[in-house]
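Asks: As input, take final23.pdb (PDB, C-alpha atoms):
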ATOM      1  CA  MET J   1       4.661 -26.135   8.210
ATOM      2  CA  SER J   2       5.108 -25.068  11.844
ATOM      3  CA  HIS J   3       2.149 -25.059  14.217
ATOM      4  CA  THR J   4       2.374 -21.267  14.485
ATOM      5  CA  ALA J   5       2.214 -20.787  10.716
ATOM      6  CA  PHE J   6      -0.600 -23.339  10.526
ATOM      7  CA  PHE J   7      -2.653 -21.482  13.151
ATOM      8  CA  LEU J   8      -2.077 -18.139  11.414
ATOM      9  CA  VAL J   9      -3.296 -19.548   8.113
ATOM     10  CA  ILE J  10      -6.432 -21.080   9.674
ATOM     11  CA  LEU J  11      -7.338 -17.809  11.403
ATOM     12  CA  ALA J  12      -6.628 -15.880   8.211
ATOM     13  CA  GLY J  13      -8.941 -18.249   6.324
ATOM     14  CA  LEU J  14     -11.861 -17.514   8.632
ATOM     15  CA  ILE J  15     -11.360 -13.761   8.384
ATOM     16  CA  HIS J  16     -10.924 -13.953   4.617
ATOM     17  CA  ALA J  17     -14.213 -15.816   4.174
ATOM     18  CA  LEU J  18     -16.059 -13.282   6.322
ATOM     19  CA  TRP J  19     -14.883 -10.220   4.442
ATOM     20  CA  ASN J  20     -15.588 -11.828   1.067
ATOM     21  CA  ILE J  21     -19.165 -12.501   2.148
ATOM     22  CA  ALA J  22     -19.449  -8.823   3.116
ATOM     23  CA  ALA J  23     -18.022  -7.774  -0.270
ATOM     24  CA  LYS J  24     -20.518 -10.019  -2.073
ATOM     25  CA  LYS J  25     -23.448  -8.589  -0.124
ATOM     26  CA  ALA J  26     -22.286  -5.044  -0.896
ATOM     27  CA  GLY J  27     -22.530  -5.665  -4.649
ATOM     28  CA  GLY J  28     -20.171  -2.752  -5.244
ATOM     29  CA  ASP J  29     -17.856  -1.812  -8.075
ATOM     30  CA  VAL J  30     -14.562   0.054  -8.309
ATOM     31  CA  ARG J  31     -15.937   2.702  -5.939
ATOM     32  CA  PHE J  32     -16.367   0.065  -3.252
ATOM     33  CA  ALA J  33     -12.703  -0.849  -3.709
ATOM     34  CA  GLY J  34     -11.844   2.813  -3.212
ATOM     35  CA  PHE J  35     -13.955   3.067  -0.058
ATOM     36  CA  THR J  36     -12.274   0.037   1.495
ATOM     37  CA  SER J  37      -8.793   1.380   0.719
ATOM     38  CA  LEU J  38      -9.581   4.761   2.299
ATOM     39  CA  ILE J  39     -11.044   3.096   5.392
ATOM     40  CA  MET J  40      -8.001   0.848   5.669
ATOM     41  CA  MET J  41      -5.716   3.885   5.458
ATOM     42  CA  LEU J  42      -7.508   5.550   8.383
ATOM     43  CA  VAL J  43      -8.175   2.543  10.613
ATOM     44  CA  TRP J  44      -4.670   1.090  10.280
ATOM     45  CA  ALA J  45      -2.794   4.415  10.366
ATOM     46  CA  PRO J  46      -1.420   3.975  13.934
ATOM     47  CA  VAL J  47      -0.015   0.536  13.102
ATOM     48  CA  GLY J  48       1.355   1.621   9.730
ATOM     49  CA  ILE J  49       3.008   4.747  11.107
ATOM     50  CA  TYR J  50       4.532   2.860  14.034
ATOM     51  CA  ALA J  51       5.919   0.090  11.827
ATOM     52  CA  GLY J  52       7.183   2.344   9.056
ATOM     53  CA  TRP J  53       8.389   5.517  10.766
ATOM     54  CA  ASN J  54      12.056   4.543  10.804
ATOM     55  CA  VAL J  55      11.927   1.947   8.029
ATOM     56  CA  VAL J  56      10.230   3.444   4.978
ATOM     57  CA  PRO J  57      12.713   6.367   4.680
ATOM     58  CA  THR J  58      15.510   3.805   4.227
ATOM     59  CA  TRP J  59      13.827   2.047   1.309
ATOM     60  CA  GLY J  60      15.489   2.058  -2.085
ATOM     61  CA  TRP J  61      14.162   1.468  -5.573
ATOM     62  CA  LEU J  62      13.912  -2.288  -4.967
ATOM     63  CA  GLU J  63      11.569  -2.028  -1.982
ATOM     64  CA  TRP J  64       9.452   0.666  -3.623
ATOM     65  CA  GLY J  65       9.295  -1.337  -6.823
ATOM     66  CA  PHE J  66       7.895  -4.370  -5.019
ATOM     67  CA  VAL J  67       5.424  -2.315  -2.991
ATOM     68  CA  THR J  68       4.203  -0.503  -6.107
ATOM     69  CA  ALA J  69       3.793  -3.730  -8.069
ATOM     70  CA  SER J  70       1.970  -5.282  -5.110
ATOM     71  CA  GLY J  71      -0.431  -2.342  -4.916
ATOM     72  CA  ILE J  72      -1.227  -2.573  -8.628
ATOM     73  CA  LEU J  73      -1.842  -6.332  -8.504
ATOM     74  CA  HIS J  74      -4.098  -6.017  -5.468
ATOM     75  CA  VAL J  75      -6.208  -3.369  -7.234
ATOM     76  CA  LEU J  76      -6.597  -5.572 -10.309
ATOM     77  CA  TYR J  77      -7.460  -8.533  -8.085
ATOM     78  CA  PHE J  78     -10.094  -6.725  -6.037
ATOM     79  CA  ILE J  79     -11.791  -5.029  -8.991
ATOM     80  CA  THR J  80     -11.948  -8.349 -10.859
ATOM     81  CA  LEU J  81     -13.317 -10.106  -7.763
ATOM     82  CA  LEU J  82     -16.012  -7.470  -7.228
ATOM     83  CA  ARG J  83     -17.053  -7.600 -10.878
ATOM     84  CA  GLY J  84     -17.275 -11.377 -10.642
ATOM     85  CA  TYR J  85     -19.498 -11.078  -7.576
ATOM     86  CA  ARG J  86     -21.832  -8.753  -9.497
ATOM     87  CA  LYS J  87     -22.007 -11.048 -12.525
ATOM     88  CA  ALA J  88     -22.126 -14.477 -10.864
ATOM     89  CA  GLU J  89     -22.542 -16.402  -7.621
ATOM     90  CA  LEU J  90     -20.037 -16.273  -4.782
ATOM     91  CA  THR J  91     -20.012 -20.073  -4.621
ATOM     92  CA  VAL J  92     -18.655 -20.160  -8.181
ATOM     93  CA  VAL J  93     -16.314 -17.152  -8.295
ATOM     94  CA  TYR J  94     -14.780 -17.496  -4.844
ATOM     95  CA  PRO J  95     -13.929 -21.221  -4.949
ATOM     96  CA  LEU J  96     -12.439 -21.079  -8.444
ATOM     97  CA  ALA J  97     -10.401 -17.999  -7.558
ATOM     98  CA  ARG J  98      -9.151 -19.552  -4.329
ATOM     99  CA  GLY J  99      -8.377 -22.878  -6.003
ATOM    100  CA  PHE J 100      -6.682 -21.622  -9.167
ATOM    101  CA  GLY J 101      -4.573 -19.039  -7.313
ATOM    102  CA  PRO J 102      -2.716 -21.390  -4.958
ATOM    103  CA  LEU J 103      -2.244 -23.944  -7.702
ATOM    104  CA  LEU J 104      -0.358 -21.355  -9.749
ATOM    105  CA  SER J 105       1.491 -19.794  -6.813
ATOM    106  CA  SER J 106       2.612 -23.164  -5.434
ATOM    107  CA  THR J 107       3.849 -24.209  -8.854
ATOM    108  CA  ALA J 108       5.707 -20.916  -9.217
ATOM    109  CA  ALA J 109       7.248 -21.278  -5.756
ATOM    110  CA  ILE J 110       8.505 -24.757  -6.620
ATOM    111  CA  LEU J 111       9.812 -23.802 -10.069
ATOM    112  CA  LEU J 112      11.079 -20.262  -9.416
ATOM    113  CA  LEU J 113      11.970 -20.161  -5.709
ATOM    114  CA  GLY J 114      13.410 -23.677  -5.510
ATOM    115  CA  GLU J 115      10.987 -24.832  -2.810
ATOM    116  CA  LYS J 116      10.400 -28.555  -2.419
ATOM    117  CA  VAL J 117       7.146 -30.304  -1.645
ATOM    118  CA  SER J 118       6.760 -33.777  -0.137
ATOM    119  CA  LEU J 119       4.419 -36.423  -1.496
ATOM    120  CA  ALA J 120       1.967 -35.696   1.329
ATOM    121  CA  GLY J 121       2.215 -31.985   0.614
ATOM    122  CA  GLY J 122       1.581 -32.588  -3.079
ATOM    123  CA  LEU J 123      -1.450 -34.741  -2.298
ATOM    124  CA  GLY J 124      -2.623 -32.018   0.073
ATOM    125  CA  ILE J 125      -2.452 -29.432  -2.710
ATOM    126  CA  ILE J 126      -4.441 -31.729  -5.008
ATOM    127  CA  ALA J 127      -7.062 -32.319  -2.288
ATOM    128  CA  VAL J 128      -7.445 -28.580  -1.692
ATOM    129  CA  VAL J 129      -7.871 -27.793  -5.370
ATOM    130  CA  GLY J 130     -10.233 -30.762  -5.862
ATOM    131  CA  GLY J 131     -12.358 -29.681  -2.915
ATOM    132  CA  VAL J 132     -12.574 -26.150  -4.253
ATOM    133  CA  PHE J 133     -13.702 -27.560  -7.611
ATOM    134  CA  LEU J 134     -16.500 -29.533  -5.933
ATOM    135  CA  ILE J 135     -17.677 -26.493  -3.994
ATOM    136  CA  ALA J 136     -17.773 -24.499  -7.218
ATOM    137  CA  GLY J 137     -20.181 -27.031  -8.717
ATOM    138  CA  GLY J 138     -18.058 -29.973  -9.818
ATOM    139  CA  PRO J 139     -18.495 -31.502 -13.284
ATOM    140  CA  LYS J 140     -21.801 -29.722 -13.829
ATOM    141  CA  LEU J 141     -19.873 -26.460 -14.211
ATOM    142  CA  PHE J 142     -18.956 -27.616 -17.700
ATOM    143  CA  ARG J 143     -22.308 -29.072 -18.722
ATOM    144  CA  SER J 144     -25.131 -27.412 -20.547
ATOM    145  CA  VAL J 145     -28.137 -26.581 -18.445
ATOM    146  CA  SER J 146     -31.734 -25.878 -19.393
ATOM    147  CA  ASP J 147     -31.677 -22.464 -17.740
ATOM    148  CA  HIS J 148     -29.599 -20.486 -20.220
ATOM    149  CA  ALA J 149     -29.502 -17.381 -18.021
ATOM    150  CA  GLN J 150     -28.109 -19.414 -15.130
ATOM    151  CA  HIS J 151     -25.671 -21.128 -17.486
ATOM    152  CA  ALA J 152     -24.424 -17.730 -18.624
ATOM    153  CA  ARG J 153     -23.931 -16.663 -14.996
ATOM    154  CA  VAL J 154     -21.965 -19.832 -14.263
ATOM    155  CA  ARG J 155     -19.748 -19.299 -17.309
ATOM    156  CA  LYS J 156     -19.086 -15.707 -16.248
ATOM    157  CA  GLY J 157     -18.311 -16.980 -12.775
ATOM    158  CA  ILE J 158     -15.750 -19.410 -14.199
ATOM    159  CA  VAL J 159     -14.065 -16.686 -16.256
ATOM    160  CA  TYR J 160     -13.916 -14.172 -13.406
ATOM    161  CA  GLY J 161     -12.948 -16.841 -10.898
ATOM    162  CA  LEU J 162      -9.982 -18.003 -12.980
ATOM    163  CA  LEU J 163      -8.913 -14.435 -13.777
ATOM    164  CA  THR J 164      -9.099 -13.513 -10.089
ATOM    165  CA  GLY J 165      -7.059 -16.612  -9.281
ATOM    166  CA  LEU J 166      -4.394 -15.462 -11.720
ATOM    167  CA  PHE J 167      -4.039 -12.169  -9.852
ATOM    168  CA  ILE J 168      -4.036 -14.023  -6.510
ATOM    169  CA  ALA J 169      -1.140 -16.169  -7.696
ATOM    170  CA  ALA J 170       0.736 -13.113  -8.961
ATOM    171  CA  TYR J 171       0.495 -11.072  -5.768
ATOM    172  CA  THR J 172       1.074 -14.121  -3.550
ATOM    173  CA  VAL J 173       4.377 -14.937  -5.233
ATOM    174  CA  LEU J 174       5.422 -11.274  -5.399
ATOM    175  CA  ASP J 175       4.554 -10.505  -1.776
ATOM    176  CA  GLY J 176       5.933 -13.841  -0.585
ATOM    177  CA  TYR J 177       9.284 -13.037  -2.209
ATOM    178  CA  ALA J 178       9.188  -9.538  -0.700
ATOM    179  CA  VAL J 179       8.714 -10.744   2.888
ATOM    180  CA  LYS J 180      10.937 -13.861   2.659
ATOM    181  CA  VAL J 181      13.866 -12.624   0.552
ATOM    182  CA  ILE J 182      13.851  -8.818   0.603
ATOM    183  CA  LEU J 183      12.593  -8.886   4.213
ATOM    184  CA  ILE J 184       9.962  -6.197   3.844
ATOM    185  CA  SER J 185       7.616  -6.154   6.829
ATOM    186  CA  PRO J 186       4.245  -7.815   6.089
ATOM    187  CA  ILE J 187       2.560  -4.835   7.713
ATOM    188  CA  LEU J 188       4.349  -2.354   5.492
ATOM    189  CA  ILE J 189       3.951  -4.116   2.181
ATOM    190  CA  ASP J 190       0.205  -4.150   2.756
ATOM    191  CA  TYR J 191      -0.219  -0.724   4.382
ATOM    192  CA  VAL J 192       2.161   1.254   2.170
ATOM    193  CA  GLY J 193       0.946  -0.671  -0.862
ATOM    194  CA  ASN J 194      -2.533   0.563   0.026
ATOM    195  CA  PHE J 195      -1.473   4.117  -0.871
ATOM    196  CA  ILE J 196      -0.704   2.861  -4.371
ATOM    197  CA  ARG J 197      -4.210   1.404  -4.462
ATOM    198  CA  ILE J 198      -5.716   4.702  -3.318
ATOM    199  CA  ALA J 199      -3.843   6.610  -6.032
ATOM    200  CA  LEU J 200      -5.205   4.251  -8.676
ATOM    201  CA  LEU J 201      -8.780   4.225  -7.336
ATOM    202  CA  THR J 202      -9.269   7.905  -6.469
ATOM    203  CA  PRO J 203     -10.116   8.980 -10.058
ATOM    204  CA  ALA J 204     -13.072   6.576 -10.026
ATOM    205  CA  LEU J 205     -14.349   8.175  -6.811
ATOM    206  CA  LEU J 206     -14.034  11.705  -8.220
ATOM    207  CA  ARG J 207     -15.445  10.999 -11.687
ATOM    208  CA  ASP J 208     -19.111  11.154 -10.665
ATOM    209  CA  HIS J 209     -19.722  12.703  -7.247
ATOM    210  CA  GLN J 210     -23.419  11.870  -7.185
ATOM    211  CA  ALA J 211     -22.843   8.194  -8.004
ATOM    212  CA  THR J 212     -20.057   8.027  -5.428
ATOM    213  CA  ARG J 213     -22.316   9.461  -2.701
ATOM    214  CA  ALA J 214     -25.068   7.014  -3.607
ATOM    215  CA  SER J 215     -22.628   4.089  -3.514
ATOM    216  CA  TRP J 216     -21.288   5.212  -0.142
ATOM    217  CA  GLN J 217     -24.780   5.387   1.368
ATOM    218  CA  ARG J 218     -25.535   1.830   0.218
ATOM    219  CA  GLU J 219     -22.167   0.217   0.888
ATOM    220  CA  TRP J 220     -20.390   2.007   3.739
ATOM    221  CA  LYS J 221     -21.178  -0.674   6.350
ATOM    222  CA  TYR J 222     -19.721  -3.419   4.171
ATOM    223  CA  ALA J 223     -16.759  -1.233   3.212
ATOM    224  CA  LEU J 224     -16.059  -0.665   6.907
ATOM    225  CA  ILE J 225     -15.990  -4.425   7.513
ATOM    226  CA  VAL J 226     -13.739  -5.162   4.543
ATOM    227  CA  GLY J 227     -11.394  -2.215   5.119
ATOM    228  CA  THR J 228     -10.988  -3.089   8.792
ATOM    229  CA  ILE J 229     -10.566  -6.863   8.811
ATOM    230  CA  SER J 230      -9.195  -7.770   5.366
ATOM    231  CA  PRO J 231      -5.670  -6.494   6.210
ATOM    232  CA  VAL J 232      -5.643  -8.802   9.240
ATOM    233  CA  SER J 233      -6.164 -11.919   7.147
ATOM    234  CA  TYR J 234      -3.487 -11.028   4.625
ATOM    235  CA  MET J 235      -0.897  -9.904   7.182
ATOM    236  CA  LEU J 236      -1.353 -13.201   9.024
ATOM    237  CA  VAL J 237      -0.681 -15.041   5.763
ATOM    238  CA  LEU J 238       2.433 -12.967   5.063
ATOM    239  CA  TYR J 239       3.789 -13.681   8.544
ATOM    240  CA  ALA J 240       3.110 -17.370   7.943
ATOM    241  CA  MET J 241       5.092 -17.128   4.691
ATOM    242  CA  GLN J 242       8.096 -15.942   6.658
ATOM    243  CA  ASN J 243       8.068 -19.178   8.663
ATOM    244  CA  ALA J 244       6.860 -21.769   6.150
ATOM    245  CA  PRO J 245       7.245 -22.594   2.447
ATOM    246  CA  LEU J 246       5.055 -20.490   0.191
ATOM    247  CA  SER J 247       4.080 -23.664  -1.681
ATOM    248  CA  HIS J 248       2.447 -24.891   1.574
ATOM    249  CA  VAL J 249       1.003 -21.615   2.841
ATOM    250  CA  ALA J 250      -0.734 -20.683  -0.426
ATOM    251  CA  PRO J 251      -2.893 -23.836  -0.660
ATOM    252  CA  ALA J 252      -3.487 -23.964   3.099
ATOM    253  CA  ARG J 253      -5.117 -20.525   2.848
ATOM    254  CA  GLU J 254      -7.961 -22.254   1.072
ATOM    255  CA  VAL J 255      -9.328 -23.435   4.402
ATOM    256  CA  SER J 256     -11.303 -20.205   3.941
ATOM    257  CA  MET J 257     -13.457 -22.254   1.577
ATOM    258  CA  LEU J 258     -14.482 -24.449   4.508
ATOM    259  CA  PHE J 259     -15.789 -21.366   6.313
ATOM    260  CA  ALA J 260     -17.306 -19.890   3.149
ATOM    261  CA  ALA J 261     -19.142 -23.166   2.484
ATOM    262  CA  LEU J 262     -20.611 -23.354   5.972
ATOM    263  CA  ILE J 263     -21.254 -19.643   6.548
ATOM    264  CA  GLY J 264     -21.589 -18.016   3.143
ATOM    265  CA  GLY J 265     -23.593 -20.822   1.594
ATOM    266  CA  HIS J 266     -26.127 -20.590   4.416
ATOM    267  CA  LEU J 267     -26.381 -16.784   4.352
ATOM    268  CA  LEU J 268     -26.579 -16.481   0.567
ATOM    269  CA  GLY J 269     -28.568 -19.661  -0.119
ATOM    270  CA  GLU J 270     -26.234 -20.763  -2.931
ATOM    271  CA  GLY J 271     -24.920 -24.112  -4.088
ATOM    272  CA  ASP J 272     -25.493 -27.822  -3.533
ATOM    273  CA  ARG J 273     -25.203 -28.288   0.221
ATOM    274  CA  VAL J 274     -24.042 -31.951   0.172
ATOM    275  CA  GLN J 275     -21.479 -31.446  -2.588
ATOM    276  CA  ARG J 276     -20.229 -28.301  -0.854
ATOM    277  CA  ILE J 277     -19.684 -30.213   2.392
ATOM    278  CA  ILE J 278     -17.783 -32.965   0.562
ATOM    279  CA  GLY J 279     -15.617 -30.306  -1.060
ATOM    280  CA  ALA J 280     -15.029 -28.680   2.317
ATOM    281  CA  LEU J 281     -13.909 -32.025   3.752
ATOM    282  CA  CYS J 282     -11.454 -32.437   0.865
ATOM    283  CA  ILE J 283     -10.052 -29.012   1.671
ATOM    284  CA  ALA J 284      -9.792 -29.831   5.363
ATOM    285  CA  THR J 285      -7.945 -33.059   4.548
ATOM    286  CA  GLY J 286      -5.561 -31.219   2.273
ATOM    287  CA  VAL J 287      -4.883 -28.542   4.858
ATOM    288  CA  ILE J 288      -4.140 -31.180   7.514
ATOM    289  CA  ALA J 289      -1.673 -32.845   5.117
ATOM    290  CA  LEU J 290       0.042 -29.521   4.513
ATOM    291  CA  GLY J 291       0.098 -28.699   8.205
ATOM    292  CA  ASN J 292       1.813 -31.915   9.249
ATOM    293  CA  PHE J 293       4.342 -32.428   6.450
TER     294      PHE J 293
END
What is this structure when it is put down as structure tokens?

Replies:
Amino acid sequence: MSHTAFFLVILAGLIHALWNIAAKKAGGDVRFAGFTSLIMMLVWAPVGIYAGWNVVPTWGWLEWGFVTASGILHVLYFITLLRGYRKAELTVVYPLARGFGPLLSSTAAILLLGEKVSLAGGLGIIAVVGGVFLIAGGPKLFRSVSDHAQHARVRKGIVYGLLTGLFIAAYTVLDGYAVKVILISPILIDYVGNFIRIALLTPALLRDHQATRASWQREWKYALIVGTISPVSYMLVLYAMQNAPLSHVAPAREVSMLFAALIGGHLLGEGDRVQRIIGALCIATGVIALGNF
């Protein structure tokens, strides 16, 4: 992985952790997803229009097919993530989602896209996934606990974390192929794909006007944060994918867990601090291995 791609991924990881903490604090549902998509459409309009003015009209069915599929997968991902945050702890859902996703996407990149990974890169992937597992709770995730309510929350966190990771892997491979092979601009696949997300989410916003207004009053500050900065993190990752193997970029994104452990754990008061730090160090080691080989 080049130093440029490595830097982009590290910066993207910090931004990604920050907007996920905001999404967790919002505690929103599908309406929150709709708010963030509308805010993104408005805030990023100058960039999207500039990048797509002469490009989008030339797109054929292939480009539109990938953008549409990307928009659908991102909606499913975000709704599942938000539901997981309502049902369980961020330090369970987020690590499992971020660990399971790159494991699947890296495997798919190696098997389907013909990418090759060195021994150091393979060990780096294992270290990242292992560190994420420790941050999520380690072996105690699968043990019975005396607090049945807490046990139920952990189990829900595991289910939603793994399901979110599945969607992460799906859109990572799809979008990675779009920017590396079809050569769709990272800006456009995210910005134009956002209109697909808006089309899918608008019915939820219009279904109950009173509930939508109440959600907006509670969540607009968090929606503004997520809608403004989340595209930055993902566009940085997509640009990194254009210059480095997807099987390296996908796991390296999980440096966001290092930031989530140090920032989110402190703000939300979740998790075993020592185990979380050990997991973060595993992730850092894995990212360094991926960045140098």

Asks: Extract, using all atoms listed in the file, all DNA, RNA and protein residues at most 9 Å from Val159 (chain J), discarding same-chain residues fewer than 5 positions from it, and format them as number ranges by chain.

Replies: J: 84, 93, 154, 164

Asks: So how many Å separate CA of Ile184 (chain J) and CA of Ile15 (chain J), to one decimal?

Replies: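 Atom-to-atom, CA of Ile184 (chain J) to CA of Ile15 (chain J), that is 23.1 Å.
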
Asks: To one decimal place in Å, what is the distance between CA of Thr36 (chain J) and CA of Ile198 (chain J)?

Replies: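 So the answer is 9.4 Å.
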
Asks: Compute the distance from (3.2, -13.3, -3.0) to each atom, counting only C-alpha atoms, keep the residues with any atom at most 10 Å away, and return them as a PyMOL selection string; use the coordinates of the file.

Replies: chain J and resi 70+105+109+168-180+237-238+241+246+250

Asks: Which of these residues is nearest to Pro95 (chain J), using all atoms listed in the file: J:Gly52, J:Gly121, J:Pro231, J:Gly279?

Replies: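 Smallest separation from Pro95 (chain J) among the options: J:Gly279.
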
Asks: What is the CA of Gly157 (chain J)-CA of Phe133 (chain J) distance in Å, reported with one decimal?

Replies: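 Between these atoms lies a distance of 12.6 Å.
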
Asks: Select, from J:Gly99, J:Gly34, J:Gly27, J:Pro203, the residue with the minimum atom-to-atom distance to Gly131 (chain J), counting only C-alpha atoms.

Replies: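 The answer is J:Gly99, which sits nearest to Gly131 (chain J).
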
Asks: So what does the PyMOL selection byres ((chain J and resi 74) around 9) actually pick up in this one, as a PDB file with C-alpha atoms, keeping the file's coordinate frame?

Replies:
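Okay, this is what ended up in selection.pdb:
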ATOM      1  CA  ALA J  69       3.793  -3.730  -8.069  1.00  0.00           C
ATOM      2  CA  SER J  70       1.970  -5.282  -5.110  1.00  0.00           C
ATOM      3  CA  GLY J  71      -0.431  -2.342  -4.916  1.00  0.00           C
ATOM      4  CA  ILE J  72      -1.227  -2.573  -8.628  1.00  0.00           C
ATOM      5  CA  LEU J  73      -1.842  -6.332  -8.504  1.00  0.00           C
ATOM      6  CA  VAL J  75      -6.208  -3.369  -7.234  1.00  0.00           C
ATOM      7  CA  LEU J  76      -6.597  -5.572 -10.309  1.00  0.00           C
ATOM      8  CA  TYR J  77      -7.460  -8.533  -8.085  1.00  0.00           C
ATOM      9  CA  PHE J  78     -10.094  -6.725  -6.037  1.00  0.00           C
ATOM     10  CA  ILE J  79     -11.791  -5.029  -8.991  1.00  0.00           C
ATOM     11  CA  PHE J 167      -4.039 -12.169  -9.852  1.00  0.00           C
ATOM     12  CA  ILE J 168      -4.036 -14.023  -6.510  1.00  0.00           C
ATOM     13  CA  TYR J 171       0.495 -11.072  -5.768  1.00  0.00           C
ATOM     14  CA  GLY J 193       0.946  -0.671  -0.862  1.00  0.00           C
ATOM     15  CA  ASN J 194      -2.533   0.563   0.026  1.00  0.00           C
ATOM     16  CA  ARG J 197      -4.210   1.404  -4.462  1.00  0.00           C
TER      17      ARG J 197
END

Asks: Fewer than 5 positions away in the same chain doesn't count, so skip those; otherwise give me all residues within 12 Å of Asn243 (chain J), counting all atoms listed in the file, as a ChimeraX atom specification.

Replies: /J:1-9,176,179-181,236-238,248-249

Asks: Could you check which residues have any atom within 6 Å of (-10.4, -0.7, 6.4), counting only C-alpha atoms with coordinates taken straight from the file, and then list them as a list in words?

Replies: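 The answer, in the requested form, is Thr36, Ile39, Met40, Val43, Leu224, Val226, Gly227 and Thr228 of chain J.
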
Asks: Please determine, counting all atoms listed in the file, which residue among J:Met41, J:Leu163, J:Val132, J:Ala33 has the shortest atom-to-atom distance to Ser215 (chain J).

Replies: J:Ala33

Asks: Looking at J:Gly161, J:Gly13, J:Gly122, J:Gly65, which one is nearest to Tyr234 (chain J), with distances taken over all atoms listed in the file?

Replies: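 Checking each of J:Gly161, J:Gly13, J:Gly122, J:Gly65 against Tyr234 (chain J), counting all atoms listed in the file, the winner is J:Gly13.
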